[in-house]
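**Q** Take a look at work_9.tsv, TSV, C-alpha atoms:
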```tsv
chain	number	residue	atom	x	y	z
A	1	PHE	CA	21.14	-31.58	-23.19
A	2	ILE	CA	24.86	-31.82	-22.41
A	3	ILE	CA	25.18	-28.04	-21.98
A	4	MET	CA	22.08	-27.87	-19.78
A	5	ASN	CA	23.51	-30.68	-17.71
A	6	LEU	CA	26.72	-28.68	-17.25
A	7	THR	CA	24.72	-25.58	-16.27
A	8	ASP	CA	22.73	-27.59	-13.75
A	9	ARG	CA	25.94	-28.89	-12.20
A	10	LEU	CA	27.21	-25.32	-11.83
A	11	LEU	CA	23.97	-24.10	-10.27
A	12	LEU	CA	24.01	-26.96	-7.77
A	13	ALA	CA	27.71	-26.61	-7.00
A	14	PRO	CA	27.19	-25.11	-3.49
A	15	ILE	CA	24.74	-27.89	-2.58
A	16	ASN	CA	26.73	-30.76	-4.08
A	17	ASN	CA	30.06	-29.48	-2.70
A	18	LEU	CA	31.62	-29.26	-6.14
A	19	THR	CA	35.30	-28.39	-5.70
A	20	GLY	CA	36.64	-25.09	-6.99
A	21	GLU	CA	38.69	-26.89	-9.65
A	22	GLU	CA	35.66	-28.84	-10.86
A	23	PHE	CA	33.56	-25.68	-11.02
A	24	ARG	CA	36.27	-23.82	-12.91
A	25	GLY	CA	36.63	-26.60	-15.47
A	26	ILE	CA	32.87	-26.85	-16.12
A	27	PHE	CA	32.30	-23.08	-16.17
A	28	GLN	CA	34.88	-22.60	-18.90
A	29	LYS	CA	32.97	-25.03	-21.16
A	30	ILE	CA	29.62	-23.22	-21.25
A	31	THR	CA	28.60	-20.88	-24.06
A	32	SER	CA	27.87	-17.15	-23.69
A	33	SER	CA	24.10	-17.78	-23.97
A	34	ASP	CA	24.25	-20.46	-21.27
A	35	ARG	CA	26.29	-18.09	-19.14
A	36	LYS	CA	23.51	-15.49	-19.41
A	37	PHE	CA	20.94	-18.15	-18.50
A	38	PHE	CA	23.08	-19.21	-15.55
A	39	PHE	CA	23.11	-15.75	-13.95
A	40	LYS	CA	19.45	-15.05	-14.73
A	41	LYS	CA	18.56	-18.33	-13.05
A	42	ILE	CA	20.52	-17.43	-9.91
A	43	ILE	CA	18.75	-14.06	-9.64
A	44	TYR	CA	15.31	-15.53	-10.42
A	45	ASP	CA	15.68	-18.28	-7.80
A	46	LYS	CA	16.97	-15.82	-5.15
A	47	TYR	CA	20.12	-17.88	-4.96
A	48	SER	CA	22.71	-15.07	-4.91
A	49	PRO	CA	23.70	-15.24	-1.20
A	50	VAL	CA	24.31	-18.99	-1.33
A	51	PHE	CA	26.18	-18.82	-4.62
A	52	LEU	CA	28.35	-15.85	-3.56
A	53	ASN	CA	29.24	-17.68	-0.35
A	54	TYR	CA	30.44	-20.61	-2.46
A	55	VAL	CA	32.39	-18.32	-4.82
A	56	ASN	CA	34.12	-16.59	-1.90
A	57	ASN	CA	35.01	-19.87	-0.18
A	58	TYR	CA	36.70	-21.24	-3.30
A	59	LYS	CA	38.15	-17.88	-4.44
A	60	LEU	CA	36.48	-18.02	-7.86
A	61	GLU	CA	35.79	-14.30	-8.31
A	62	GLU	CA	38.17	-13.90	-11.26
A	63	LEU	CA	35.94	-16.21	-13.37
A	64	PHE	CA	33.16	-13.62	-13.47
A	65	LYS	CA	32.62	-10.24	-15.04
A	66	GLU	CA	32.26	-7.26	-12.72
A	67	LYS	CA	28.64	-6.74	-13.83
A	68	GLU	CA	27.79	-10.35	-13.00
A	69	LEU	CA	29.26	-10.09	-9.51
A	70	THR	CA	27.63	-6.67	-8.94
A	71	ASP	CA	24.18	-8.05	-9.78
A	72	LEU	CA	24.65	-10.95	-7.38
A	73	ARG	CA	26.02	-8.73	-4.61
A	74	ASN	CA	23.17	-6.25	-5.00
A	75	GLN	CA	20.56	-8.99	-4.63
A	76	SER	CA	22.42	-10.45	-1.65
A	77	LYS	CA	22.57	-7.05	0.10
A	78	ARG	CA	18.89	-6.52	-0.58
A	79	PHE	CA	18.11	-9.85	1.11
A	80	GLN	CA	20.24	-8.86	4.12
A	81	ILE	CA	18.29	-5.61	4.49
A	82	GLN	CA	14.98	-7.44	3.96
A	83	SER	CA	15.91	-10.04	6.57
A	84	LEU	CA	16.77	-7.35	9.13
A	85	GLU	CA	13.42	-5.69	8.46
A	86	ILE	CA	11.70	-9.04	8.97
A	87	VAL	CA	13.48	-9.52	12.31
A	88	LYS	CA	12.19	-6.13	13.51
A	89	GLU	CA	8.69	-6.86	12.24
A	90	VAL	CA	8.52	-10.28	13.92
A	91	ILE	CA	9.48	-8.78	17.27
A	92	TYR	CA	6.87	-6.04	16.81
A	93	ILE	CA	3.92	-8.27	15.89
A	94	ASP	CA	4.85	-10.92	18.45
A	95	LYS	CA	4.42	-8.34	21.22
A	96	LEU	CA	1.06	-7.27	19.75
A	97	PHE	CA	-0.21	-10.85	19.69
A	98	LYS	CA	1.05	-11.83	23.13
A	99	GLU	CA	-0.37	-8.68	24.76
A	100	LYS	CA	-3.76	-10.04	23.68
A	101	LYS	CA	-2.92	-13.55	24.94
A	102	LEU	CA	-2.64	-15.10	21.48
A	103	ASN	CA	-0.27	-17.96	20.73
A	104	PRO	CA	1.62	-17.43	17.43
A	105	THR	CA	3.89	-20.07	15.87
A	106	TYR	CA	6.29	-18.69	13.26
A	107	LEU	CA	6.86	-20.82	10.17
A	108	LYS	CA	9.23	-21.15	7.23
A	109	GLY	CA	11.83	-18.39	6.82
A	110	VAL	CA	11.53	-16.97	10.33
A	111	ALA	CA	11.85	-20.41	11.90
A	112	LEU	CA	14.94	-21.23	9.81
A	113	MET	CA	16.70	-17.86	9.71
A	114	SER	CA	18.99	-18.43	12.69
A	115	GLU	CA	20.28	-21.71	11.23
A	116	TYR	CA	22.54	-19.69	8.91
A	117	ASP	CA	25.67	-17.69	9.73
A	118	ASP	CA	24.46	-14.96	7.37
A	119	ILE	CA	20.71	-14.25	7.53
A	120	SER	CA	20.67	-13.46	3.80
A	121	LEU	CA	21.45	-17.14	3.07
A	122	ARG	CA	17.79	-17.94	3.80
A	123	PRO	CA	15.96	-15.21	1.83
A	124	ALA	CA	12.50	-14.39	3.18
A	125	VAL	CA	9.94	-12.07	1.64
A	126	ASP	CA	7.13	-12.35	4.18
A	127	ILE	CA	6.24	-13.59	7.67
A	128	ASP	CA	4.10	-16.71	8.03
A	129	VAL	CA	2.35	-17.15	11.38
A	130	LEU	CA	0.25	-20.14	12.44
A	131	PHE	CA	-2.67	-19.83	14.88
A	132	GLU	CA	-5.45	-22.00	16.19
A	133	GLU	CA	-8.48	-21.89	13.90
A	134	GLU	CA	-10.41	-19.12	15.71
A	135	GLU	CA	-7.33	-17.22	16.91
A	136	VAL	CA	-6.35	-16.39	13.35
A	137	PHE	CA	-9.31	-14.00	13.07
A	138	ASP	CA	-8.40	-12.33	16.36
A	139	ALA	CA	-4.85	-11.91	15.06
A	140	HIS	CA	-6.19	-10.29	11.89
A	141	GLU	CA	-8.24	-7.85	13.99
A	142	ILE	CA	-5.19	-6.95	16.07
A	143	LEU	CA	-3.18	-6.14	12.96
A	144	LYS	CA	-6.06	-4.16	11.51
A	145	ASN	CA	-6.20	-2.06	14.70
A	146	ASN	CA	-2.47	-1.38	14.41
A	147	ASN	CA	-2.50	0.13	10.92
A	148	TYR	CA	-1.97	-3.00	8.86
A	149	ARG	CA	-3.79	-2.86	5.55
A	150	GLY	CA	-4.78	-5.27	2.79
A	151	LEU	CA	-7.51	-5.98	0.26
A	152	PHE	CA	-9.75	-7.65	2.88
A	153	ILE	CA	-8.87	-5.51	5.89
A	154	ASN	CA	-12.39	-4.05	6.25
A	155	HIS	CA	-14.24	-7.32	5.76
A	156	SER	CA	-16.15	-8.96	8.60
A	157	ARG	CA	-15.10	-12.14	10.39
A	158	LYS	CA	-17.84	-13.91	8.46
A	159	ASP	CA	-16.31	-12.75	5.16
A	160	LEU	CA	-12.88	-13.89	6.26
A	161	LYS	CA	-14.21	-17.31	7.25
A	162	GLU	CA	-15.67	-17.64	3.77
A	163	TYR	CA	-12.38	-16.54	2.20
A	164	ILE	CA	-10.30	-19.10	4.10
A	165	LYS	CA	-12.50	-22.10	3.29
A	166	ASP	CA	-10.35	-23.14	0.33
A	167	LYS	CA	-7.04	-21.64	1.52
A	168	ASN	CA	-4.61	-22.11	4.38
A	169	HIS	CA	-4.18	-18.41	5.19
A	170	LEU	CA	-6.01	-15.09	5.37
A	171	PRO	CA	-5.33	-12.31	2.84
A	172	HIS	CA	-1.92	-10.67	3.13
A	173	VAL	CA	-1.60	-7.52	5.21
A	174	ARG	CA	1.22	-5.03	5.71
A	175	ARG	CA	1.98	-1.68	7.27
A	176	ASN	CA	4.39	1.04	6.14
A	177	THR	CA	7.38	-1.32	6.45
A	178	ASN	CA	6.07	-3.23	3.39
A	179	ILE	CA	6.80	-6.57	5.10
A	180	THR	CA	3.90	-8.87	4.25
A	181	ILE	CA	2.21	-10.82	7.05
A	182	GLU	CA	0.44	-14.08	6.21
A	183	LEU	CA	-1.78	-15.45	8.97
A	184	HIS	CA	-2.33	-19.21	8.75
A	185	SER	CA	-5.09	-21.28	10.29
A	186	ARG	CA	-3.51	-24.46	8.92
A	187	VAL	CA	-0.29	-25.61	7.24
A	188	THR	CA	-1.55	-27.72	4.33
A	189	ASN	CA	-4.09	-26.65	1.73
A	190	PRO	CA	-7.73	-27.79	2.00
A	191	ILE	CA	-7.54	-29.16	-1.54
A	192	ASP	CA	-4.91	-31.64	-0.30
A	193	PHE	CA	-6.33	-32.50	3.13
A	194	LYS	CA	-9.82	-31.79	4.43
A	195	ASN	CA	-8.41	-31.70	7.97
A	196	CYS	CA	-4.82	-30.53	8.22
A	197	PRO	CA	-2.67	-33.36	9.66
A	198	LEU	CA	0.07	-30.99	10.84
A	199	SER	CA	-1.31	-27.75	12.28
A	200	LYS	CA	-2.46	-28.86	15.73
A	201	LYS	CA	0.64	-30.99	16.14
A	202	MET	CA	2.90	-28.04	15.27
A	203	ILE	CA	1.15	-25.80	17.77
A	204	ARG	CA	1.16	-28.48	20.47
A	205	ASN	CA	4.88	-29.19	19.97
A	206	GLN	CA	5.98	-25.59	19.42
A	207	LYS	CA	9.26	-24.64	21.10
A	208	SER	CA	10.36	-21.36	22.63
A	209	PHE	CA	13.26	-19.86	20.73
A	210	ASN	CA	15.55	-16.88	21.33
A	211	PHE	CA	15.01	-14.81	18.22
A	212	TYR	CA	17.53	-11.96	18.31
A	213	GLY	CA	16.90	-11.25	21.98
A	214	GLU	CA	13.16	-12.02	22.12
A	215	ASN	CA	11.49	-15.37	22.77
A	216	ILE	CA	9.14	-16.52	20.04
A	217	PHE	CA	7.56	-19.89	19.25
A	218	ILE	CA	8.61	-21.95	16.23
A	219	PRO	CA	7.85	-25.57	15.22
A	220	SER	CA	9.90	-28.38	16.68
A	221	VAL	CA	12.70	-29.72	14.48
A	222	ASN	CA	10.77	-32.94	13.75
A	223	ASP	CA	7.57	-31.12	12.79
```
So, in terms of structure tokens, how does the structure I just supplied come out?
**A**
Amino acid sequence: FIIMNLTDRLLLAPINNLTGEEFRGIFQKITSSDRKFFFKKIIYDKYSPVFLNYVNNYKLEELFKEKELTDLRNQSKRFQIQSLEIVKEVIYIDKLFKEKKLNPTYLKGVALMSEYDDISLRPAVDIDVLFEEEEVFDAHEILKNNNYRGLFINHSRKDLKEYIKDKNHLPHVRRNTNITIELHSRVTNPIDFKNCPLSKKMIRNQKSFNFYGENIFIPSVND
């Protein structure tokens, strides 16, 4: 329990503003097995960019083996590349939707990405887009007609309406970029709320945002 508590303190160091001296003192107390767990946990939780930023700020590199730092740097670089691909994909699909007069609201990673100095600090693996209830099916059709593919891409609107009854999004689709698009008709899950208490409010209060040179809509800060 004591060792796990020490490991937890190390993992949360960037969030809890643990000083470099405190981190150094705690890190030197953990066992080799806990050290392995520590680095596996960082990789598993996609935490490398945040942790490396902390390490660089407090000049703690000498505490780690070269292999440990290499693994963290590789994951961080991968997230940077992934984030740049997501930026390009958002701009591409936003134009597709708006040409057809649809009103997309971008959620989660895309909405938060610009809050960070380094876009890899908010890792994102897909693009979540919120639409009005009926618009979501039009959006799916637009993507289908622009070479996006998925398990349900050839299903009818009726099939998709059946699929979404107990979910908050349509099946994932992607094109050759391998960036997954998740089209939402609501924010919360039907199992939690019969009628989503947030979706219409988010769309109504959406704000225009300069996203790397293009204006997109994201939720308001309060929502």
**Q** Select, from A:Ser208, A:Asn168, A:Asn53, A:Ser76, the residue with the minimum atom-to-atom distance to Ile15 (chain A), counting only C-alpha atoms.
**A** A:Asn53
**Q** Any idea what's packed within 12 Å of Leu52 (chain A), counting only C-alpha atoms, ignoring anything in its chain fewer than 6 positions away? Could you give it as a ChimeraX atom specification?
**A** /A:11,13-14,39,42-43,46,58-61,64,68-77,118,120-121
**Q** What is the CA of Val136 (chain A) to CA of Ile218 (chain A) distance in Å?
**A**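 Pair CA of Val136 (chain A) / CA of Ile218 (chain A) returns 16.2 Å.
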**Q** Go ahead and compute the interatomic distance for CA of Leu84 (chain A) and CA of Ile119 (chain A), in Å to one decimal.
**A** 8.1 Å
**Q** Taking (-0.2, -26.4, 16.5) in the file's coordinates as the center, which residues reach within 12 Å of it, counting all atoms listed in the file, put as a count of residues only?
**A** 32
**Q** Write out as an mmCIF file with C-alpha atoms, keeping the file's coordinate frame each polymer residue whose atoms come within 12 Å of Asn210 (chain A), counting all atoms listed in the file; drop sequence neighbours fewer than 3 positions from it.
**A**
```
data_model
loop_
_atom_site.group_PDB
_atom_site.id
_atom_site.type_symbol
_atom_site.label_atom_id
_atom_site.label_comp_id
_atom_site.auth_asym_id
_atom_site.auth_seq_id
_atom_site.Cartn_x
_atom_site.Cartn_y
_atom_site.Cartn_z
ATOM 1 C CA VAL A 87 13.480 -9.520 12.310
ATOM 2 C CA ILE A 91 9.480 -8.780 17.270
ATOM 3 C CA VAL A 110 11.530 -16.970 10.330
ATOM 4 C CA ALA A 111 11.850 -20.410 11.900
ATOM 5 C CA MET A 113 16.700 -17.860 9.710
ATOM 6 C CA SER A 114 18.990 -18.430 12.690
ATOM 7 C CA LYS A 207 9.260 -24.640 21.100
ATOM 8 C CA GLY A 213 16.900 -11.250 21.980
ATOM 9 C CA GLU A 214 13.160 -12.020 22.120
ATOM 10 C CA ASN A 215 11.490 -15.370 22.770
ATOM 11 C CA ILE A 216 9.140 -16.520 20.040
ATOM 12 C CA PHE A 217 7.560 -19.890 19.250
ATOM 13 C CA ILE A 218 8.610 -21.950 16.230
#
```
**Q** Could you list, as a PyMOL selection string, every residue within 12 Å of Lys101 (chain A), counting all atoms listed in the file and ignoring same-chain residues fewer than 3 positions away?
**A** chain A and resi 94-98+104+131+135+138-139+142
**Q** Restricting the calculation to only C-alpha atoms: of A:Pro123, A:Tyr92, A:Tyr148, A:Lys65, which residue gets closest to Val50 (chain A)?
**A**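 Ranking A:Pro123, A:Tyr92, A:Tyr148, A:Lys65 by distance to Val50 (chain A), first place goes to A:Pro123.
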**Q** Of the candidates A:Asp126, A:Lys88, A:Phe137, A:Leu151, which shows the shortest atom-to-atom distance to Leu102 (chain A), using only C-alpha atoms?
**A** A:Phe137
**Q** Go through A:Tyr116, A:Thr7, A:Tyr44, A:Asp128 one by one, measure the shortest atom-to-atom distance of each to Ile26 (chain A) using all atoms listed in the file, and give the residue with the smallest value.
**A**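 The closest residue to Ile26 (chain A) is A:Thr7.
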**Q** Please rebuild region 155-172 of chain A with N, CA, C and O atoms and give the result as an mmCIF file, in the frame of the given file.
**A**
```
data_model
loop_
_atom_site.group_PDB
_atom_site.id
_atom_site.type_symbol
_atom_site.label_atom_id
_atom_site.label_comp_id
_atom_site.auth_asym_id
_atom_site.auth_seq_id
_atom_site.Cartn_x
_atom_site.Cartn_y
_atom_site.Cartn_z
ATOM 1 N N HIS A 155 -13.211 -6.290 5.834
ATOM 2 C CA HIS A 155 -14.240 -7.320 5.760
ATOM 3 C C HIS A 155 -14.527 -7.901 7.151
ATOM 4 O O HIS A 155 -13.680 -7.893 8.033
ATOM 5 N N SER A 156 -15.730 -8.397 7.320
ATOM 6 C CA SER A 156 -16.150 -8.960 8.600
ATOM 7 C C SER A 156 -15.496 -10.323 8.832
ATOM 8 O O SER A 156 -14.942 -10.944 7.915
ATOM 9 N N ARG A 157 -15.606 -10.811 10.072
ATOM 10 C CA ARG A 157 -15.100 -12.140 10.390
ATOM 11 C C ARG A 157 -15.812 -13.196 9.544
ATOM 12 O O ARG A 157 -15.182 -14.167 9.094
ATOM 13 N N LYS A 158 -17.082 -12.979 9.300
ATOM 14 C CA LYS A 158 -17.840 -13.910 8.460
ATOM 15 C C LYS A 158 -17.257 -13.957 7.045
ATOM 16 O O LYS A 158 -17.109 -15.031 6.451
ATOM 17 N N ASP A 159 -16.923 -12.798 6.491
ATOM 18 C CA ASP A 159 -16.310 -12.750 5.160
ATOM 19 C C ASP A 159 -14.968 -13.469 5.138
ATOM 20 O O ASP A 159 -14.646 -14.188 4.189
ATOM 21 N N LEU A 160 -14.196 -13.262 6.187
ATOM 22 C CA LEU A 160 -12.880 -13.890 6.260
ATOM 23 C C LEU A 160 -12.991 -15.410 6.391
ATOM 24 O O LEU A 160 -12.184 -16.150 5.831
ATOM 25 N N LYS A 161 -13.996 -15.862 7.122
ATOM 26 C CA LYS A 161 -14.210 -17.310 7.250
ATOM 27 C C LYS A 161 -14.586 -17.917 5.894
ATOM 28 O O LYS A 161 -14.215 -19.057 5.588
ATOM 29 N N GLU A 162 -15.313 -17.178 5.111
ATOM 30 C CA GLU A 162 -15.670 -17.640 3.770
ATOM 31 C C GLU A 162 -14.425 -17.681 2.880
ATOM 32 O O GLU A 162 -14.207 -18.626 2.117
ATOM 33 N N TYR A 163 -13.600 -16.641 3.006
ATOM 34 C CA TYR A 163 -12.380 -16.540 2.200
ATOM 35 C C TYR A 163 -11.441 -17.714 2.453
ATOM 36 O O TYR A 163 -10.835 -18.263 1.531
ATOM 37 N N ILE A 164 -11.318 -18.116 3.715
ATOM 38 C CA ILE A 164 -10.300 -19.100 4.100
ATOM 39 C C ILE A 164 -10.748 -20.545 3.883
ATOM 40 O O ILE A 164 -9.970 -21.476 4.074
ATOM 41 N N LYS A 165 -11.980 -20.739 3.456
ATOM 42 C CA LYS A 165 -12.500 -22.100 3.290
ATOM 43 C C LYS A 165 -11.639 -22.952 2.356
ATOM 44 O O LYS A 165 -11.464 -24.145 2.585
ATOM 45 N N ASP A 166 -11.137 -22.364 1.292
ATOM 46 C CA ASP A 166 -10.350 -23.140 0.330
ATOM 47 C C ASP A 166 -8.877 -22.723 0.320
ATOM 48 O O ASP A 166 -8.161 -22.943 -0.642
ATOM 49 N N LYS A 167 -8.433 -22.083 1.414
ATOM 50 C CA LYS A 167 -7.040 -21.640 1.520
ATOM 51 C C LYS A 167 -6.496 -21.996 2.890
ATOM 52 O O LYS A 167 -7.247 -22.369 3.790
ATOM 53 N N ASN A 168 -5.188 -21.834 3.068
ATOM 54 C CA ASN A 168 -4.610 -22.110 4.380
ATOM 55 C C ASN A 168 -4.193 -20.830 5.113
ATOM 56 O O ASN A 168 -3.552 -20.882 6.153
ATOM 57 N N HIS A 169 -4.553 -19.675 4.564
ATOM 58 C CA HIS A 169 -4.180 -18.410 5.190
ATOM 59 C C HIS A 169 -5.193 -17.323 4.841
ATOM 60 O O HIS A 169 -5.934 -17.418 3.862
ATOM 61 N N LEU A 170 -5.203 -16.268 5.645
ATOM 62 C CA LEU A 170 -6.010 -15.090 5.370
ATOM 63 C C LEU A 170 -5.307 -14.211 4.347
ATOM 64 O O LEU A 170 -4.123 -14.417 4.055
ATOM 65 N N PRO A 171 -5.991 -13.214 3.800
ATOM 66 C CA PRO A 171 -5.330 -12.310 2.840
ATOM 67 C C PRO A 171 -4.131 -11.607 3.468
ATOM 68 O O PRO A 171 -4.127 -11.298 4.666
ATOM 69 N N HIS A 172 -3.126 -11.347 2.659
ATOM 70 C CA HIS A 172 -1.920 -10.670 3.130
ATOM 71 C C HIS A 172 -2.238 -9.289 3.664
ATOM 72 O O HIS A 172 -3.085 -8.577 3.127
#
```
